[in-house]
file target-v4.cif (mmCIF, C-alpha atoms and all ligand atoms)
data_input
#
loop_
_atom_site.label_atom_id
_atom_site.label_comp_id
_atom_site.auth_asym_id
_atom_site.auth_seq_id
_atom_site.Cartn_x
_atom_site.Cartn_y
_atom_site.Cartn_z
CA MET A 212 43.24 -9.41 14.41
CA SER A 213 39.57 -8.73 15.34
CA VAL A 214 37.38 -6.05 13.70
CA ALA A 215 37.44 -4.13 16.99
CA ASP A 216 41.26 -4.15 17.00
CA LEU A 217 41.27 -3.00 13.42
CA ASN A 218 38.85 -0.17 14.19
CA GLU A 219 40.90 0.89 17.19
CA ARG A 220 44.08 0.96 15.17
CA THR A 221 42.48 3.21 12.59
CA MET A 222 40.87 5.49 15.17
CA SER A 223 44.15 5.91 16.98
CA GLY A 224 45.83 6.86 13.72
CA SER A 225 48.07 3.87 13.16
CA GLY A 226 48.83 5.18 9.71
CA ASP A 227 47.30 2.32 7.74
CA GLU A 228 44.87 4.22 5.49
CA ASN A 229 43.32 1.09 4.02
CA ILE A 230 41.63 -0.10 7.20
CA VAL A 231 37.94 0.71 6.99
CA THR A 232 36.01 1.73 10.12
CA GLU A 233 32.35 1.77 11.04
CA ALA A 234 32.59 5.53 11.50
CA GLN A 235 33.77 5.89 7.91
CA ALA A 236 30.92 3.72 6.65
CA LEU A 237 28.38 5.76 8.61
CA ASN A 238 29.85 9.02 7.37
CA ALA A 239 29.60 7.77 3.81
CA LEU A 240 25.98 6.68 4.36
CA ARG A 241 25.17 10.10 5.78
CA THR A 242 25.50 11.38 2.22
CA VAL A 243 22.62 9.18 1.04
CA ILE A 244 19.38 11.12 1.25
CA ASP A 245 15.96 9.46 1.42
CA PRO A 246 14.01 11.35 -1.26
CA ASP A 247 10.73 11.16 0.67
CA PHE A 248 11.94 12.33 4.05
CA GLN A 249 14.70 14.61 2.72
CA LYS A 250 17.06 13.38 5.39
CA ASP A 251 20.03 11.08 5.33
CA LEU A 252 19.57 7.37 6.03
CA VAL A 253 21.71 7.44 9.18
CA SER A 254 19.68 10.23 10.80
CA LEU A 255 16.52 8.36 9.82
CA ASN A 256 17.81 5.30 11.67
CA MET A 257 17.47 3.19 8.54
CA ILE A 258 20.99 1.70 8.70
CA ARG A 259 21.52 -1.37 10.85
CA ASP A 260 24.05 -4.11 11.60
CA ILE A 261 27.19 -2.70 10.02
CA LYS A 262 29.83 -5.40 9.85
CA ILE A 263 33.33 -4.77 8.58
CA CYS A 264 36.03 -7.28 7.92
CA GLU A 265 39.11 -6.09 6.07
CA GLY A 266 37.75 -4.37 2.93
CA ASN A 267 34.36 -6.11 3.16
CA VAL A 268 31.51 -3.95 4.42
CA ALA A 269 28.07 -5.44 5.08
CA PHE A 270 25.01 -3.62 6.43
CA THR A 271 21.20 -3.61 6.45
CA VAL A 272 18.96 -0.86 5.10
CA GLU A 273 15.51 -0.85 6.69
CA LEU A 274 12.92 0.85 4.45
CA THR A 275 9.48 1.98 5.58
CA THR A 276 7.65 -0.30 3.13
CA PRO A 277 8.55 -3.41 1.12
CA ALA A 278 6.85 -1.75 -1.89
CA CYS A 279 9.20 1.26 -1.79
CA PRO A 280 9.56 2.58 -5.37
CA MET A 281 12.97 4.07 -4.50
CA LYS A 282 14.38 0.75 -3.26
CA GLU A 283 16.83 0.21 -6.12
CA LYS A 284 18.03 3.81 -6.15
CA ILE A 285 18.59 3.83 -2.39
CA GLU A 286 20.51 0.56 -2.64
CA SER A 287 22.73 1.79 -5.48
CA ASP A 288 23.34 5.15 -3.74
CA CYS A 289 24.39 3.31 -0.56
CA ARG A 290 26.67 1.02 -2.53
CA ALA A 291 28.32 3.91 -4.37
CA ALA A 292 28.79 5.88 -1.13
CA VAL A 293 30.48 3.00 0.72
CA GLU A 294 32.51 1.88 -2.28
CA SER A 295 34.04 5.36 -2.42
CA ILE A 296 35.78 4.77 0.94
CA PRO A 297 39.46 3.95 0.33
CA GLY A 298 40.17 0.32 1.16
CA VAL A 299 36.61 -0.96 0.57
CA THR A 300 36.73 -3.94 -1.76
CA HIS A 301 33.26 -5.43 -1.39
CA VAL A 302 29.87 -4.09 -0.24
CA LYS A 303 26.99 -6.35 0.78
CA ILE A 304 23.61 -4.72 1.41
CA ASN A 305 20.63 -6.44 2.96
CA MET A 306 17.49 -4.50 1.93
CA THR A 307 14.65 -5.01 4.45
CA SER A 308 11.57 -3.10 5.50
CA ARG A 309 9.34 -2.49 8.46
CA VAL A 310 6.01 -0.74 8.01
CA VAL A 311 5.48 1.64 10.90
CA ALA A 312 1.95 2.00 12.26
CA LYS A 313 0.33 5.39 12.01
CA ARG A 314 -0.46 5.47 15.69
CA PRO A 315 0.48 3.35 18.66
CA MET A 316 -1.57 0.16 18.82
CA GLY A 317 -4.46 0.22 21.26
CA GLY A 318 -7.53 2.40 21.70
CA LYS A 319 -9.91 2.23 18.78
CA VAL A 320 -7.42 0.84 16.28
CA ILE A 321 -7.61 -2.79 15.16
CA PRO A 322 -4.92 -4.64 17.09
CA GLY A 323 -2.12 -5.77 14.75
CA VAL A 324 -3.34 -3.70 11.79
CA LYS A 325 -0.89 -0.90 11.01
CA HIS A 326 -2.76 1.04 8.34
CA VAL A 327 -6.38 1.14 7.21
CA ILE A 328 -6.78 2.76 3.78
CA ALA A 329 -10.10 3.64 2.18
CA VAL A 330 -10.45 3.25 -1.59
CA ALA A 331 -13.25 5.58 -2.65
CA SER A 332 -14.77 7.33 -5.63
CA GLY A 333 -17.36 10.00 -6.22
CA LYS A 334 -19.04 8.18 -9.10
CA GLY A 335 -19.95 4.51 -9.40
CA GLY A 336 -18.37 2.10 -11.85
CA VAL A 337 -15.01 3.87 -12.19
CA GLY A 338 -13.11 0.75 -11.17
CA LYS A 339 -12.64 1.08 -7.40
CA SER A 340 -13.01 -2.63 -6.76
CA THR A 341 -10.73 -3.59 -9.67
CA VAL A 342 -8.13 -1.08 -8.49
CA SER A 343 -8.47 -2.16 -4.82
CA ALA A 344 -8.03 -5.83 -5.69
CA ASN A 345 -4.98 -5.28 -7.90
CA LEU A 346 -3.33 -2.83 -5.49
CA ALA A 347 -3.86 -5.26 -2.62
CA ILE A 348 -2.26 -8.08 -4.62
CA ALA A 349 0.62 -5.82 -5.75
CA LEU A 350 1.39 -4.85 -2.15
CA ALA A 351 1.23 -8.51 -1.07
CA GLN A 352 3.53 -9.52 -3.95
CA ALA A 353 6.00 -6.86 -2.79
CA GLY A 354 6.15 -8.64 0.57
CA ALA A 355 3.61 -6.70 2.66
CA LYS A 356 0.93 -8.34 4.82
CA VAL A 357 -2.33 -7.20 3.24
CA GLY A 358 -6.06 -7.43 3.90
CA LEU A 359 -8.96 -6.28 1.75
CA MET A 360 -12.33 -5.47 3.26
CA ASP A 361 -15.26 -5.21 0.86
CA ALA A 362 -17.35 -2.44 2.38
CA ASP A 363 -19.71 -2.35 -0.58
CA VAL A 364 -22.47 -4.04 1.36
CA TYR A 365 -25.14 -3.61 -1.35
CA GLY A 366 -22.96 -4.62 -4.30
CA PRO A 367 -20.06 -6.75 -3.07
CA THR A 368 -17.67 -7.59 -5.92
CA ILE A 369 -14.51 -8.71 -4.13
CA PRO A 370 -15.64 -12.40 -4.01
CA MET A 371 -15.97 -12.43 -7.82
CA LEU A 372 -12.68 -10.59 -8.37
CA PHE A 373 -10.85 -13.12 -6.18
CA GLY A 374 -12.68 -16.18 -7.53
CA LEU A 375 -14.19 -16.78 -4.10
CA ASP A 376 -17.87 -16.32 -4.92
CA GLU A 377 -18.78 -19.85 -3.85
CA GLU A 378 -17.14 -19.45 -0.46
CA GLN A 379 -18.69 -18.76 2.93
CA LEU A 380 -17.12 -17.19 5.99
CA GLU A 381 -16.37 -19.37 8.96
CA GLN A 382 -15.54 -18.72 12.58
CA THR A 383 -12.18 -19.20 14.18
CA ALA A 384 -11.05 -19.21 17.81
CA VAL A 385 -8.66 -16.41 18.71
CA ARG A 386 -6.70 -16.11 21.95
CA LEU A 387 -6.66 -12.53 23.24
CA PRO A 388 -3.61 -11.04 25.01
CA ASP A 389 -5.43 -11.49 28.36
CA GLY A 390 -5.65 -15.25 27.70
CA ASN A 391 -9.39 -15.32 26.92
CA VAL A 392 -10.45 -17.22 23.82
CA VAL A 393 -13.09 -15.59 21.59
CA GLN A 394 -14.79 -16.52 18.31
CA ARG A 395 -13.90 -14.32 15.34
CA ILE A 396 -14.72 -14.34 11.62
CA ALA A 397 -11.89 -15.97 9.64
CA PRO A 398 -11.07 -13.92 6.51
CA LEU A 399 -10.71 -15.85 3.26
CA GLU A 400 -7.18 -15.72 1.89
CA ARG A 401 -6.34 -15.72 -1.81
CA PHE A 402 -3.35 -14.43 -3.78
CA GLY A 403 -1.70 -13.52 -0.47
CA VAL A 404 -4.56 -11.19 0.54
CA ALA A 405 -6.98 -11.76 3.47
CA THR A 406 -10.48 -10.80 2.29
CA VAL A 407 -13.85 -10.26 3.93
CA SER A 408 -17.05 -9.42 2.08
CA MET A 409 -20.80 -9.31 2.55
CA GLY A 410 -20.83 -11.54 -0.53
CA TYR A 411 -19.51 -14.42 1.60
CA LEU A 412 -22.57 -14.14 3.84
CA LEU A 413 -25.29 -13.98 1.20
CA GLU A 414 -26.90 -16.60 -0.95
CA PRO A 415 -26.24 -15.80 -4.66
CA GLY A 416 -28.76 -13.29 -6.02
CA GLN A 417 -30.00 -12.31 -2.57
CA PRO A 418 -30.32 -8.51 -2.23
CA VAL A 419 -29.39 -6.50 0.83
CA VAL A 420 -32.16 -4.12 1.88
CA TRP A 421 -30.81 -2.40 4.95
CA ARG A 422 -30.86 1.07 6.36
CA GLY A 423 -27.94 3.13 7.62
CA PRO A 424 -27.66 1.72 11.18
CA MET A 425 -27.41 -1.85 9.86
CA LEU A 426 -24.67 -0.82 7.42
CA SER A 427 -22.74 0.75 10.24
CA LYS A 428 -23.07 -2.47 12.24
CA VAL A 429 -21.63 -4.53 9.39
CA VAL A 430 -18.72 -2.13 8.90
CA ASN A 431 -17.92 -2.33 12.61
CA GLN A 432 -18.19 -6.11 12.58
CA PHE A 433 -15.88 -6.41 9.59
CA LEU A 434 -13.34 -4.24 11.36
CA ASN A 435 -13.54 -5.61 14.88
CA ASP A 436 -14.92 -9.14 14.72
CA VAL A 437 -12.60 -10.44 12.00
CA ALA A 438 -9.38 -12.27 12.85
CA TRP A 439 -7.28 -10.00 10.61
CA GLY A 440 -4.05 -10.96 12.36
CA GLU A 441 -0.94 -8.89 11.67
CA LEU A 442 -1.44 -6.61 8.67
CA ASP A 443 0.70 -3.83 7.23
CA TYR A 444 -2.16 -2.56 5.08
CA LEU A 445 -5.91 -3.14 5.25
CA LEU A 446 -7.53 -1.73 2.11
CA VAL A 447 -11.24 -0.96 2.29
CA ASP A 448 -13.17 -1.04 -1.00
CA LEU A 449 -16.01 1.44 -0.46
CA PRO A 450 -19.30 1.84 -2.31
CA PRO A 451 -19.43 4.95 -4.52
CA GLY A 452 -19.91 8.36 -2.93
CA THR A 453 -19.47 9.41 0.65
CA GLY A 454 -22.58 7.93 2.23
CA ASP A 455 -23.32 5.96 5.38
CA VAL A 456 -20.59 3.36 4.93
CA THR A 457 -17.85 5.96 4.48
CA MET A 458 -19.11 7.87 7.52
CA SER A 459 -19.29 4.69 9.62
CA LEU A 460 -15.79 3.67 8.58
CA SER A 461 -14.16 6.98 9.38
CA GLU A 462 -15.99 7.14 12.70
CA ALA A 463 -15.11 3.56 13.62
CA ILE A 464 -11.31 3.75 13.30
CA PRO A 465 -8.57 6.24 12.49
CA LEU A 466 -7.86 5.87 8.78
CA SER A 467 -4.30 6.28 7.54
CA GLY A 468 -5.80 7.87 4.46
CA ALA A 469 -8.02 7.59 1.43
CA VAL A 470 -7.27 6.89 -2.21
CA ILE A 471 -9.71 8.37 -4.71
CA VAL A 472 -10.33 6.54 -7.97
CA THR A 473 -11.71 8.50 -10.92
CA THR A 474 -11.92 8.29 -14.68
CA PRO A 475 -10.48 11.11 -16.82
CA GLN A 476 -13.91 12.57 -17.62
CA ASP A 477 -14.42 16.07 -16.28
CA VAL A 478 -17.68 15.10 -14.65
CA ALA A 479 -16.14 12.09 -12.88
CA ALA A 480 -13.14 14.13 -11.81
CA SER A 481 -15.27 16.94 -10.42
CA ILE A 482 -17.34 14.44 -8.41
CA ALA A 483 -14.04 12.94 -7.22
CA VAL A 484 -13.02 16.40 -6.00
CA LYS A 485 -16.25 16.58 -3.98
CA SER A 486 -15.67 13.22 -2.35
CA LEU A 487 -12.10 14.18 -1.65
CA ARG A 488 -13.28 17.30 0.15
CA ALA A 489 -15.67 15.15 2.16
CA PHE A 490 -12.75 13.02 3.37
CA GLN A 491 -10.77 16.12 4.21
CA LYS A 492 -13.72 17.34 6.32
CA LEU A 493 -13.60 14.02 8.16
CA ASN A 494 -9.90 14.68 8.80
CA VAL A 495 -8.85 11.72 6.66
CA PRO A 496 -5.58 12.42 4.83
CA ILE A 497 -5.74 12.05 1.05
CA LEU A 498 -3.05 9.64 -0.13
CA GLY A 499 -3.66 10.42 -3.79
CA ILE A 500 -5.79 10.12 -6.88
CA VAL A 501 -5.71 7.15 -9.26
CA GLU A 502 -7.07 7.72 -12.74
CA ASN A 503 -8.56 4.50 -14.07
CA MET A 504 -9.55 3.84 -17.70
CA SER A 505 -7.07 6.59 -18.62
CA TYR A 506 -6.59 5.51 -22.21
CA PHE A 507 -6.83 2.48 -24.48
CA THR A 508 -3.94 1.23 -26.55
CA ALA A 509 -5.11 -0.71 -29.60
CA PRO A 510 -3.23 -4.03 -29.55
CA ASP A 511 -3.01 -4.19 -33.37
CA THR A 512 -1.74 -0.65 -34.07
CA GLY A 513 -0.24 0.36 -30.70
CA LYS A 514 -2.09 3.67 -31.00
CA SER A 515 -3.54 5.12 -27.78
CA TYR A 516 -7.04 6.58 -27.55
CA HIS A 517 -8.34 8.72 -24.70
CA ILE A 518 -11.83 7.26 -24.67
CA PHE A 519 -13.02 9.05 -21.53
CA GLY A 520 -11.20 12.32 -22.16
CA HIS A 521 -7.80 13.32 -20.98
CA GLY A 522 -6.13 14.55 -17.82
CA GLY A 523 -9.11 14.80 -15.43
CA GLY A 524 -7.39 12.88 -12.62
CA GLN A 525 -4.20 14.88 -12.87
CA ALA A 526 -6.15 18.16 -12.97
CA ALA A 527 -8.17 17.15 -9.89
CA ALA A 528 -4.95 16.23 -8.06
CA GLU A 529 -3.41 19.59 -8.94
CA GLU A 530 -6.53 21.50 -7.90
CA LEU A 531 -6.51 19.86 -4.48
CA ARG A 532 -2.72 19.65 -4.19
CA VAL A 533 -2.77 15.94 -3.52
CA PRO A 534 -0.48 13.33 -5.14
CA PHE A 535 -1.39 11.87 -8.52
CA LEU A 536 -0.60 8.17 -8.15
CA GLY A 537 -0.91 7.27 -11.82
CA GLY A 538 -3.14 6.48 -14.76
CA ILE A 539 -4.32 2.91 -15.43
CA PRO A 540 -5.31 2.16 -19.03
CA LEU A 541 -8.43 0.36 -20.16
CA GLU A 542 -7.38 -3.20 -20.87
CA ILE A 543 -9.51 -6.11 -21.96
CA ALA A 544 -7.46 -8.56 -19.87
CA THR A 545 -8.13 -6.46 -16.76
CA ARG A 546 -11.88 -6.76 -17.24
CA GLN A 547 -11.59 -10.47 -18.07
CA GLY A 548 -9.34 -11.05 -15.06
CA GLY A 549 -12.00 -9.49 -12.85
CA ASP A 550 -14.80 -11.58 -14.33
CA ASN A 551 -12.78 -14.81 -14.12
CA GLY A 552 -11.57 -14.36 -10.56
CA GLU A 553 -7.93 -13.95 -11.57
CA PRO A 554 -6.90 -10.28 -11.45
CA ILE A 555 -4.35 -9.22 -14.04
CA LEU A 556 -1.53 -9.28 -11.49
CA ILE A 557 -2.12 -13.02 -11.28
CA SER A 558 -3.19 -13.86 -14.84
CA TYR A 559 -0.58 -11.67 -16.61
CA PRO A 560 1.95 -10.66 -13.95
CA ASP A 561 4.52 -9.51 -16.54
CA SER A 562 2.11 -7.42 -18.63
CA PRO A 563 2.51 -3.62 -18.91
CA GLN A 564 -0.85 -3.28 -17.08
CA ALA A 565 0.44 -5.34 -14.13
CA ASN A 566 3.57 -3.17 -14.01
CA ILE A 567 1.42 -0.03 -13.91
CA PHE A 568 -0.57 -1.44 -10.97
CA ARG A 569 2.74 -2.23 -9.20
CA ASP A 570 3.97 1.33 -9.78
CA VAL A 571 0.74 2.80 -8.38
CA ALA A 572 0.95 0.45 -5.37
CA GLY A 573 4.55 1.59 -4.74
CA LEU A 574 3.56 5.26 -4.86
CA LEU A 575 0.64 4.56 -2.54
CA ALA A 576 2.84 2.73 -0.02
CA ARG A 577 5.29 5.61 -0.19
CA GLN A 578 2.52 8.14 0.56
CA ILE A 579 1.37 6.04 3.51
CA SER A 580 4.93 6.12 4.91
CA ILE A 581 5.14 9.87 4.39
CA GLN A 582 1.75 10.49 6.00
CA SER A 583 2.57 8.29 8.99
CA ARG A 584 3.32 10.92 11.54
CA GLN A 585 4.71 8.16 13.66
CA PHE A 586 7.72 7.88 11.38
CA ARG A 587 10.11 10.26 13.01
CA PRO A 588 13.86 10.10 12.85
CA LEU A 589 15.09 8.33 15.94
CA ASN A 590 18.36 9.32 17.54
CA VAL A 591 21.32 9.47 15.24
CA VAL A 592 23.33 6.26 15.25
N1 LIG A 601 -8.67 -0.57 -16.25
C1 LIG A 601 -9.70 -1.29 -16.64
N2 LIG A 601 -9.71 -1.89 -17.86
C2 LIG A 601 -10.79 -2.62 -18.28
N3 LIG A 601 -11.89 -2.81 -17.55
C3 LIG A 601 -11.93 -2.25 -16.33
C4 LIG A 601 -10.85 -1.47 -15.81
N4 LIG A 601 -11.19 -1.06 -14.56
C5 LIG A 601 -12.41 -1.55 -14.32
N5 LIG A 601 -12.87 -2.26 -15.36
C6 LIG A 601 -14.17 -2.92 -15.50
O1 LIG A 601 -15.18 -1.95 -15.28
C7 LIG A 601 -16.27 -2.49 -14.54
C8 LIG A 601 -16.49 -1.68 -13.25
O2 LIG A 601 -15.34 -1.86 -12.44
P1 LIG A 601 -15.45 -1.99 -10.86
O3 LIG A 601 -16.51 -2.95 -10.46
O4 LIG A 601 -14.09 -2.23 -10.36
O5 LIG A 601 -15.91 -0.49 -10.52
P2 LIG A 601 -16.40 0.12 -9.13
O6 LIG A 601 -15.99 1.54 -9.12
O7 LIG A 601 -15.94 -0.73 -8.02
O8 LIG A 601 -17.97 0.00 -9.29
P3 LIG A 601 -19.06 0.28 -8.12
O9 LIG A 601 -19.15 1.76 -8.03
O10 LIG A 601 -20.30 -0.37 -8.68
O11 LIG A 601 -18.55 -0.36 -6.88
C9 LIG A 601 -15.92 -3.95 -14.28
O12 LIG A 601 -16.51 -4.73 -15.27
C10 LIG A 601 -14.40 -3.99 -14.45
O13 LIG A 601 -13.91 -5.26 -14.88
MG MG A 602 -17.05 -1.69 -6.49
#

call {"tool": "encode", "arguments": {"input": "target-v4.cif", "output": "structure tokens", "more": "lines below"}}
Ligand SMILES: Nc1ncnc2c1ncn2[C@@H]1O[C@H](COP(=O)(O)OP(=O)(O)OP(=O)(O)O)[C@@H](O)[C@H]1O
Ligand SMILES: [Mg+2]
result
Amino acid sequence: MSVADLNERTMSGSGDENIVTEAQALNALRTVIDPDFQKDLVSLNMIRDIKICEGNVAFTVELTTPACPMKEKIESDCRAAVESIPGVTHVKINMTSRVVAKRPMGGKVIPGVKHVIAVASGKGGVGKSTVSANLAIALAQAGAKVGLMDADVYGPTIPMLFGLDEEQLEQTAVRLPDGNVVQRIAPLERFGVATVSMGYLLEPGQPVVWRGPMLSKVVNQFLNDVAWGELDYLLVDLPPGTGDVTMSLSEAIPLSGAVIVTTPQDVAASIAVKSLRAFQKLNVPILGIVENMSYFTAPDTGKSYHIFGHGGGQAAAEELRVPFLGGIPLEIATRQGGDNGEPILISYPDSPQANIFRDVAGLLARQISIQSRQFRPLNVV
């Protein structure tokens, strides 16, 4: 007997209570609520390909990001819901994801790039580049397609962080949708992340002495003349403050949002608040605050010390009512990883520090999904 026959028998009330139907599975899955969208997975059109054979039920759950921090909970909630249907003996769930672009492709956006996210800070030296590099790698390790643009034209550090400081950018031929072939800059890929930096264009030790208009030109070139390909997330590591580069970036393309990195010090946090307000004035959504160098845990005693004070990032997030994405401790291996061109997610992927970066990346990806106005529930299945 085919699945269709089985379903028909149940629908027409044949009396056999143990035959499971697609309608029953959908009804069960309607009880599973996505915590971010506060709607059930069926209404959100996240359930696909239900297949039922006897007591075996298989289906796909399509999340909005591969880095979803709720992935395991959603999976276990779905399993429990479907297992509660009488007659179900086995549940197979295929967890997938599709990052939805903030706006339709076209216009000023970079073709193929779904989200551009600025990583900024009010004060210099708080760890923007370290955080950008590790978040980019964490998102790539979760299965997302990720790029990292080093917009710190005067002090590019991404080449060193990725161990690419000897490398130079090259050109590549790209075929446009209209069939024309153009020359583009080929990003350098490492640890699953496509990177572009001013550092790849300079001789070592050579300073950049440019004024605002030149900076703006470079930012535009890095956005539009690079063969970024298909990306879920393009992170942009900004120089400190909200100067020319930040202005050029937000004018050049619609940003999905900005992440602000701060240290716990009151002074750093209050400068972070200022830069956050500057982004809000530019109509850039704030995805959250990351507090770097939050504390130091002595490896010999396990005791934690709040070297730069305590709670500044959280307080700034509360003041501005933006998400607090987490606190990253000071860690010698993180600094060494940066200096040696092997960020901690690569050198010590199982360390507590790497796990913290993964958690922050998950919360960031989740905020991007929430902020994507494009993500609207489609028609109910
Ligand atoms: N969590 C951390 N633990 C240990 N060292 C860190 C941590 N975060 C950053 N560092 C170190 O602090 C220094 C400054 O970090 P980084 O270059 O990432 O800051 P930045 O905000 O990008 O600086 P700039 O404003 O100059 O661009 C680097 O030496 C880096 O290795
Ligand atoms: Mg930097």

call {"tool": "residues_near_point", "arguments": {"input": "target-v4.cif", "point": "(-4.3, 4.6, -12.9)", "cutoff": "9 Å", "atoms": "all atoms listed in the file", "output": "PyMOL selection string"}}
result
chain A and resi 342+472-474+500-505+524+535-540+567-568+571

call {"tool": "residues_near_ligand", "arguments": {"input": "target-v4.cif", "ligand": "ligand LIG 601 (chain A)", "cutoff": "10 Å", "atoms": "all atoms listed in the file", "output": "number ranges by chain"}}
result
A: 330-345, 361-369, 371-372, 448-452, 472-474, 502-507, 538-551, 554-555, 564, 568

call {"tool": "closest_residue", "arguments": {"input": "target-v4.cif", "among": "A:Val231, A:Val447, A:Cys279, A:Ile482", "to": "ligand MG 602 (chain A)", "atoms": "only C-alpha atoms and all ligand atoms"}}
result
A:Val447

call {"tool": "closest_residue", "arguments": {"input": "target-v4.cif", "among": "A:Met360, A:Ala355, A:Val430, A:Leu493", "to": "ligand MG 602 (chain A)", "atoms": "all atoms listed in the file"}}
result
A:Met360

call {"tool": "atom_distance", "arguments": {"input": "target-v4.cif", "atom1": "atom CA of Glu441 of chain A", "atom2": "atom CA of Ile581 of chain A"}}
result
21.0 Å

call {"tool": "closest_residue", "arguments": {"input": "target-v4.cif", "among": "A:Ser408, A:Ala572, A:Val385, A:Gly390", "to": "ligand MG 602 (chain A)", "atoms": "all atoms listed in the file"}}
result
A:Ser408

call {"tool": "atom_distance", "arguments": {"input": "target-v4.cif", "atom1": "atom CA of Gly266 of chain A", "atom2": "atom CA of Glu294 of chain A"}}
result
9.7 Å

call {"tool": "closest_residue", "arguments": {"input": "target-v4.cif", "among": "A:Pro370, A:His517, A:Gly523, A:Ala278", "to": "ligand MG 602 (chain A)", "atoms": "only C-alpha atoms and all ligand atoms"}}
result
A:Pro370

call {"tool": "closest_residue", "arguments": {"input": "target-v4.cif", "among": "A:Gly416, A:Pro297, A:Pro563, A:Gly440", "to": "Thr383 of chain A", "atoms": "all atoms listed in the file"}}
result
A:Gly440

call {"tool": "atom_distance", "arguments": {"input": "target-v4.cif", "atom1": "atom CA of Arg309 of chain A", "atom2": "atom CA of Glu273 of chain A"}}
result
6.6 Å

call {"tool": "residues_near_point", "arguments": {"input": "target-v4.cif", "point": "(-21.9, -0.1, 12.9)", "cutoff": "12 Å", "atoms": "all atoms listed in the file", "output": "PyMOL selection string"}}
result
chain A and resi 362+422-436+455-464

call {"tool": "write_last_selection", "arguments": {"input": "target-v4.cif", "atoms": "C-alpha atoms", "output": "PDB file, keeping the file's coordinate frame"}}
result
ATOM      1  CA  ALA A 362     -17.350  -2.440   2.380  1.00  0.00           C
ATOM      2  CA  ARG A 422     -30.860   1.070   6.360  1.00  0.00           C
ATOM      3  CA  GLY A 423     -27.940   3.130   7.620  1.00  0.00           C
ATOM      4  CA  PRO A 424     -27.660   1.720  11.180  1.00  0.00           C
ATOM      5  CA  MET A 425     -27.410  -1.850   9.860  1.00  0.00           C
ATOM      6  CA  LEU A 426     -24.670  -0.820   7.420  1.00  0.00           C
ATOM      7  CA  SER A 427     -22.740   0.750  10.240  1.00  0.00           C
ATOM      8  CA  LYS A 428     -23.070  -2.470  12.240  1.00  0.00           C
ATOM      9  CA  VAL A 429     -21.630  -4.530   9.390  1.00  0.00           C
ATOM     10  CA  VAL A 430     -18.720  -2.130   8.900  1.00  0.00           C
ATOM     11  CA  ASN A 431     -17.920  -2.330  12.610  1.00  0.00           C
ATOM     12  CA  GLN A 432     -18.190  -6.110  12.580  1.00  0.00           C
ATOM     13  CA  PHE A 433     -15.880  -6.410   9.590  1.00  0.00           C
ATOM     14  CA  LEU A 434     -13.340  -4.240  11.360  1.00  0.00           C
ATOM     15  CA  ASN A 435     -13.540  -5.610  14.880  1.00  0.00           C
ATOM     16  CA  ASP A 436     -14.920  -9.140  14.720  1.00  0.00           C
ATOM     17  CA  ASP A 455     -23.320   5.960   5.380  1.00  0.00           C
ATOM     18  CA  VAL A 456     -20.590   3.360   4.930  1.00  0.00           C
ATOM     19  CA  THR A 457     -17.850   5.960   4.480  1.00  0.00           C
ATOM     20  CA  MET A 458     -19.110   7.870   7.520  1.00  0.00           C
ATOM     21  CA  SER A 459     -19.290   4.690   9.620  1.00  0.00           C
ATOM     22  CA  LEU A 460     -15.790   3.670   8.580  1.00  0.00           C
ATOM     23  CA  SER A 461     -14.160   6.980   9.380  1.00  0.00           C
ATOM     24  CA  GLU A 462     -15.990   7.140  12.700  1.00  0.00           C
ATOM     25  CA  ALA A 463     -15.110   3.560  13.620  1.00  0.00           C
ATOM     26  CA  ILE A 464     -11.310   3.750  13.300  1.00  0.00           C
TER      27      ILE A 464
END

call {"tool": "residues_around", "arguments": {"input": "target-v4.cif", "residues": "Arg290 of chain A", "least_positions_apart": "4", "cutoff": "12 Å", "atoms": "all atoms listed in the file", "output": "ChimeraX atom specification"}}
result
/A:236,239-240,242-243,267-272,283-286,294-296,299-306

call {"tool": "residues_around", "arguments": {"input": "target-v4.cif", "residues": "Pro398 of chain A", "least_positions_apart": "6", "cutoff": "10 Å", "atoms": "all atoms listed in the file", "output": "PyMOL selection string"}}
result
chain A and resi 358-360+379-383+404-408+411+433+437-440

call {"tool": "closest_residue", "arguments": {"input": "target-v4.cif", "among": "A:Ile396, A:Gly513, A:Gly522, A:Gln578", "to": "Ile328 of chain A", "atoms": "only C-alpha atoms"}}
result
A:Gln578
